[in-house]
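Next comes input.txt, a file with compact mmCIF, N, CA and C atoms.
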```
# COMPACT_ATOMS: atom_id res chain seq x y z
N MET A 196 161.33 141.80 220.77
CA MET A 196 161.50 141.59 219.34
C MET A 196 162.53 142.57 218.78
N LEU A 197 162.42 143.84 219.17
CA LEU A 197 163.34 144.84 218.67
C LEU A 197 164.76 144.57 219.16
N GLU A 198 164.89 144.09 220.38
CA GLU A 198 166.21 143.77 220.92
C GLU A 198 166.86 142.64 220.11
N LEU A 199 166.07 141.67 219.70
CA LEU A 199 166.57 140.57 218.89
C LEU A 199 167.08 141.08 217.54
N LEU A 200 166.36 142.01 216.94
CA LEU A 200 166.77 142.59 215.68
C LEU A 200 168.07 143.38 215.84
N VAL A 201 168.19 144.13 216.92
CA VAL A 201 169.41 144.90 217.17
C VAL A 201 170.60 143.97 217.37
N GLU A 202 170.41 142.89 218.08
CA GLU A 202 171.50 141.93 218.29
C GLU A 202 171.93 141.29 216.97
N TRP A 203 170.96 140.95 216.13
CA TRP A 203 171.28 140.37 214.82
C TRP A 203 172.06 141.37 213.97
N TYR A 204 171.60 142.62 213.95
CA TYR A 204 172.27 143.64 213.16
C TYR A 204 173.70 143.87 213.67
N ASP A 205 173.89 143.90 214.97
CA ASP A 205 175.23 144.06 215.53
C ASP A 205 176.14 142.91 215.12
N GLY A 206 175.62 141.69 215.09
CA GLY A 206 176.41 140.54 214.67
C GLY A 206 176.82 140.62 213.22
N VAL A 207 175.89 141.03 212.35
CA VAL A 207 176.19 141.17 210.92
C VAL A 207 177.21 142.29 210.72
N GLU A 208 177.03 143.39 211.43
CA GLU A 208 177.96 144.51 211.31
C GLU A 208 179.36 144.11 211.76
N LEU A 209 179.46 143.39 212.86
CA LEU A 209 180.76 142.94 213.35
C LEU A 209 181.41 141.98 212.35
N TRP A 210 180.63 141.08 211.77
CA TRP A 210 181.16 140.15 210.78
C TRP A 210 181.68 140.90 209.55
N LEU A 211 180.92 141.90 209.08
CA LEU A 211 181.31 142.65 207.90
C LEU A 211 182.57 143.48 208.16
N VAL A 212 182.69 144.07 209.33
CA VAL A 212 183.85 144.90 209.65
C VAL A 212 185.12 144.07 209.74
N GLN A 213 185.02 142.82 210.12
CA GLN A 213 186.19 141.97 210.28
C GLN A 213 186.69 141.37 208.96
N LEU A 214 185.94 141.54 207.89
CA LEU A 214 186.38 141.04 206.59
C LEU A 214 187.45 141.95 206.00
N VAL A 215 188.23 141.44 205.07
CA VAL A 215 189.21 142.27 204.37
C VAL A 215 188.46 143.28 203.49
N TYR A 216 189.11 144.43 203.26
CA TYR A 216 188.44 145.55 202.59
C TYR A 216 187.88 145.19 201.21
N PRO A 217 188.62 144.54 200.31
CA PRO A 217 188.04 144.23 198.99
C PRO A 217 186.78 143.37 199.09
N LEU A 218 186.75 142.45 200.04
CA LEU A 218 185.55 141.63 200.22
C LEU A 218 184.39 142.46 200.78
N GLN A 219 184.70 143.41 201.65
CA GLN A 219 183.66 144.32 202.17
C GLN A 219 183.02 145.09 201.02
N VAL A 220 183.86 145.64 200.16
CA VAL A 220 183.37 146.44 199.03
C VAL A 220 182.53 145.56 198.10
N ALA A 221 183.00 144.36 197.81
CA ALA A 221 182.26 143.47 196.92
C ALA A 221 180.89 143.11 197.50
N LEU A 222 180.83 142.82 198.79
CA LEU A 222 179.55 142.46 199.42
C LEU A 222 178.59 143.65 199.46
N VAL A 223 179.12 144.81 199.80
CA VAL A 223 178.26 146.00 199.85
C VAL A 223 177.72 146.32 198.47
N LEU A 224 178.56 146.23 197.43
CA LEU A 224 178.09 146.50 196.07
C LEU A 224 177.09 145.45 195.60
N ALA A 225 177.32 144.20 195.98
CA ALA A 225 176.40 143.13 195.57
C ALA A 225 175.01 143.33 196.19
N VAL A 226 174.95 143.99 197.32
CA VAL A 226 173.66 144.24 197.97
C VAL A 226 173.09 145.59 197.56
N LEU A 227 173.92 146.64 197.59
CA LEU A 227 173.41 147.98 197.37
C LEU A 227 173.07 148.30 195.92
N VAL A 228 173.83 147.80 194.97
CA VAL A 228 173.54 148.13 193.57
C VAL A 228 172.16 147.61 193.16
N PRO A 229 171.83 146.34 193.38
CA PRO A 229 170.47 145.90 193.02
C PRO A 229 169.38 146.58 193.84
N LEU A 230 169.66 146.84 195.11
CA LEU A 230 168.67 147.51 195.96
C LEU A 230 168.39 148.92 195.47
N CYS A 231 169.44 149.68 195.19
CA CYS A 231 169.27 151.05 194.70
C CYS A 231 168.62 151.06 193.32
N TRP A 232 168.97 150.09 192.46
CA TRP A 232 168.36 150.02 191.14
C TRP A 232 166.85 149.77 191.27
N GLY A 233 166.48 148.86 192.16
CA GLY A 233 165.07 148.57 192.36
C GLY A 233 164.30 149.75 192.92
N VAL A 234 164.87 150.45 193.89
CA VAL A 234 164.21 151.63 194.45
C VAL A 234 164.07 152.71 193.39
N ALA A 235 165.11 152.93 192.59
CA ALA A 235 165.04 153.94 191.53
C ALA A 235 163.96 153.59 190.51
N ARG A 236 163.83 152.31 190.19
CA ARG A 236 162.80 151.89 189.22
C ARG A 236 161.40 152.12 189.77
N VAL A 237 161.19 151.80 191.05
CA VAL A 237 159.88 152.02 191.67
C VAL A 237 159.55 153.51 191.72
N VAL A 238 160.53 154.33 192.09
CA VAL A 238 160.30 155.78 192.14
C VAL A 238 159.99 156.31 190.75
N ASP A 239 160.71 155.84 189.73
CA ASP A 239 160.47 156.28 188.36
C ASP A 239 159.06 155.93 187.91
N ARG A 240 158.64 154.70 188.19
CA ARG A 240 157.28 154.29 187.80
C ARG A 240 156.23 155.10 188.54
N ALA A 241 156.47 155.38 189.82
CA ALA A 241 155.52 156.15 190.61
C ALA A 241 155.40 157.58 190.07
N VAL A 242 156.52 158.20 189.75
CA VAL A 242 156.50 159.56 189.21
C VAL A 242 155.81 159.58 187.85
N ASP A 243 156.07 158.59 186.99
CA ASP A 243 155.39 158.51 185.70
C ASP A 243 153.88 158.38 185.88
N GLY A 244 153.46 157.53 186.79
CA GLY A 244 152.04 157.34 187.03
C GLY A 244 151.36 158.58 187.59
N ILE A 245 152.02 159.23 188.54
CA ILE A 245 151.45 160.44 189.14
C ILE A 245 151.40 161.58 188.13
N SER A 246 152.47 161.74 187.33
CA SER A 246 152.47 162.82 186.34
C SER A 246 151.42 162.57 185.26
N ALA A 247 151.19 161.31 184.88
CA ALA A 247 150.15 161.01 183.89
C ALA A 247 148.76 161.29 184.46
N ARG A 248 148.60 161.08 185.75
CA ARG A 248 147.29 161.32 186.36
C ARG A 248 146.97 162.81 186.43
N PHE A 249 147.99 163.65 186.67
CA PHE A 249 147.75 165.07 186.87
C PHE A 249 148.09 165.93 185.66
N THR A 250 148.27 165.32 184.51
CA THR A 250 148.58 166.09 183.31
C THR A 250 147.30 166.71 182.75
N ARG A 251 147.48 167.72 181.93
CA ARG A 251 146.31 168.38 181.35
C ARG A 251 145.79 167.66 180.11
N ALA A 252 146.59 166.81 179.51
CA ALA A 252 146.18 166.10 178.29
C ALA A 252 145.13 165.04 178.65
N ARG A 253 144.16 164.88 177.80
CA ARG A 253 143.12 163.88 178.04
C ARG A 253 143.63 162.49 177.72
N ASP A 254 143.16 161.53 178.43
CA ASP A 254 143.47 160.11 178.20
C ASP A 254 144.96 159.84 178.11
N SER A 255 145.74 160.56 178.88
CA SER A 255 147.18 160.33 178.83
C SER A 255 147.53 159.10 179.65
N GLU A 256 148.56 158.42 179.21
CA GLU A 256 149.04 157.23 179.90
C GLU A 256 150.53 157.41 180.16
N PRO A 257 151.06 156.72 181.15
CA PRO A 257 152.51 156.81 181.35
C PRO A 257 153.24 156.22 180.16
N PRO A 258 154.44 156.70 179.88
CA PRO A 258 155.18 156.17 178.73
C PRO A 258 155.47 154.69 178.88
N ILE A 259 155.51 154.00 177.75
CA ILE A 259 155.77 152.57 177.74
C ILE A 259 157.16 152.36 177.16
N GLU A 260 157.97 151.57 177.84
CA GLU A 260 159.35 151.36 177.40
C GLU A 260 159.39 150.30 176.31
N ARG A 261 160.12 150.61 175.22
CA ARG A 261 160.32 149.64 174.16
C ARG A 261 161.49 148.74 174.52
N GLY A 262 161.75 147.73 173.73
CA GLY A 262 162.84 146.80 173.98
C GLY A 262 164.21 147.44 173.89
N ASP A 263 164.35 148.51 173.06
CA ASP A 263 165.66 149.14 172.89
C ASP A 263 165.89 150.27 173.88
N GLY A 264 165.00 150.43 174.85
CA GLY A 264 165.19 151.45 175.87
C GLY A 264 164.51 152.77 175.55
N GLU A 265 164.02 152.95 174.31
CA GLU A 265 163.34 154.18 173.94
C GLU A 265 161.92 154.14 174.47
N MET A 266 161.36 155.31 174.68
CA MET A 266 160.00 155.42 175.19
C MET A 266 159.05 155.67 174.02
N THR A 267 157.87 155.11 174.10
CA THR A 267 156.87 155.32 173.07
C THR A 267 155.64 155.93 173.69
N GLY A 268 154.87 156.60 172.87
CA GLY A 268 153.62 157.17 173.33
C GLY A 268 152.49 156.16 173.21
N ARG A 269 151.29 156.64 173.23
CA ARG A 269 150.12 155.76 173.23
C ARG A 269 149.96 155.01 171.92
N ARG A 270 150.25 155.65 170.79
CA ARG A 270 150.04 155.03 169.49
C ARG A 270 151.28 154.32 168.97
N GLY A 271 152.34 154.22 169.81
CA GLY A 271 153.52 153.48 169.39
C GLY A 271 154.57 154.33 168.69
N ARG A 272 154.29 155.65 168.54
CA ARG A 272 155.29 156.52 167.92
C ARG A 272 156.35 156.85 168.94
N ALA A 273 157.55 157.10 168.47
CA ALA A 273 158.62 157.52 169.38
C ALA A 273 158.27 158.89 169.94
N ALA A 274 158.41 159.04 171.25
CA ALA A 274 158.04 160.31 171.89
C ALA A 274 159.14 161.33 171.76
```
Structure re-expressed in structure tokens:
Amino acid sequence: MLELLVEWYDGVELWLVQLVYPLQVALVLAVLVPLCWGVARVVDRAVDGISARFTRARDSEPPIERGDGEMTGRRGRAA
């Protein structure tokens, strides 16, 4: 199974290397930008959840994002 995965990866790598440079950059950005954005969002949510769990304040919750990108507290006031 692992050998099959390595062969597939080698084929994709060879295909990508043989493309012209602007197309390589466009493909890498089309894959990496959404992937990195998603990982950053998951890490951000995890850190918010962990920090809310270990805070000294009682009944604290992680911040909730408003539609305009600002964060609000529990009662809806701007933090």
- [ ] Grab the atom N of Val223 of chain A to atom C of Leu211 of chain A distance for me, in Å with one decimal place.
- [x]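 It comes out at 9.1 Å.
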Open item on the list: Quick check, in Å to one decimal: how far apart do atom N of Val212 of chain A and atom C of Ala225 of chain A lie?
Closed with: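 Atom N of Val212 of chain A sits 15.2 Å away from atom C of Ala225 of chain A.
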TODO: Record the distance separating atom CA of Val201 of chain A and atom C of Val237 of chain A, expressed in Å with one decimal.
DONE: 28.6 Å
